[in-house]
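To keep things clear, I will list the structure first and then write my remarks on it.
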Amino acid sequence: MFCGYLSPRWASLGHIQLRMRGLANYRLSCCVNSMLQTLAATWELAVILEKWQVAGSGADDCNIPLQLKKVLTAMQSDATQPAPHRHFLHCLDRNSIRLNIQHDADEIFLSILGLIRQQMDDRVLALEIENLYKISVETRLQCLECDLVQTGSSFLLSLPLHLKEDENSLGLKLNSLPQILCIQLKRFRNRRGSTQKLDCRVTFPENVDFSEILIEAFSSSFSQKECKYTLYAVVVHCGCAAFGHYTAFVRHKVNQQWYYADDSHVQQVSWREVQTAYGRLDRGTAYMLMYRRDLTQEGEPNLSG
């Protein structure tokens, strides 16, 4: 069962036709637009940002978490026109994520989280946001000339899944999974000096128990009991490595229906249509998957404030 927070604003809209706001493509912003749709569908993030009492306004135009808070609030409106987000795009530009350049969605995602950590003046809330996505891992590095294995601990904010990956000596084990699990399908490869995209078919479930499919990747210290997750967003890439276009499938936080967001155009779709992103040369392919842990166990954190 889906378990989530509904603000009073959303809870009062049950009798109104629910819709999602699109985002205009402004100076090659389709990648950022798709990431904003997934962040808007991550209601836990909005809950934390709503708690944040911003101190001062001297550098508002350069502050990513502040501009993100504003654009996510605008996206919750039931207005029919695209949500205003140019201030956020120009804020990214001032932070060296340039306009008029095609970006990688995973890099944009990690950059936004990094800038939130750097620029949010409430360190406790900044850590809460990071912990939403924090994947604790055990790293293992084996010497190529002897049997020595060195282990360590670290964390990731997105989990890379390599497609057709060659063998190598550097690996990792999972110590714990976060509340929001971001999975990046590594579809781009550098081969002989050129980047190529892998359009191979990759299926993904709508509901999954990762203790059943990732058990070989769990470290000996993995003790998390609840590993059941529900898919709520898919970032899709259409095109090749040199150029392309990003869109997103997202689940509405209230009615739990799937929607397809292609910049300013948003329409309700079925799960079957989401599955078209499994991968085919003539269709867009899933590049990032966003899963939410089912909060069914007693003792799980409550982010509803």
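Scheme for the structure tokens: letters A, B, ... for chains in order shown; per-chain residue numbers from 1; ligand numbers from 1 in order shown.
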So that I can see what lies close to segment 178-194 of chain A, please list as a PyMOL selection string the residues with an atom at most 10 Å from it, counting only C-alpha atoms and leaving out residues fewer than 3 positions away in the same chain. chain A and resi 42+44-45+105-106+109+130-136+156-165+197-200+202+224+227+229-235+237+240-242+285-295+300-301
Can you list, as a ChimeraX atom specification, every protein, DNA or RNA residue that comes within 9 Å of Gly152 of chain A when you count only C-alpha atoms, leaving out same-chain residues fewer than 3 positions away? /A:137-141
Please identify the alpha helix (DSSP H) residues within segment 17-50 of chain A (assignment by DSSP from backbone atoms) and present them as a count of residues only. 20
Spatial neighbours of His245 of chain A, max dist 9 Å, only C-alpha atoms, sep filter under 3 positions, as a ChimeraX atom specification: /A:28,30-31,102,236-239,284
All strand (DSSP E or B) residues (DSSP, backbone) inside segment 96-146 of chain A, as a PyMOL selection string: chain A and resi 135-142
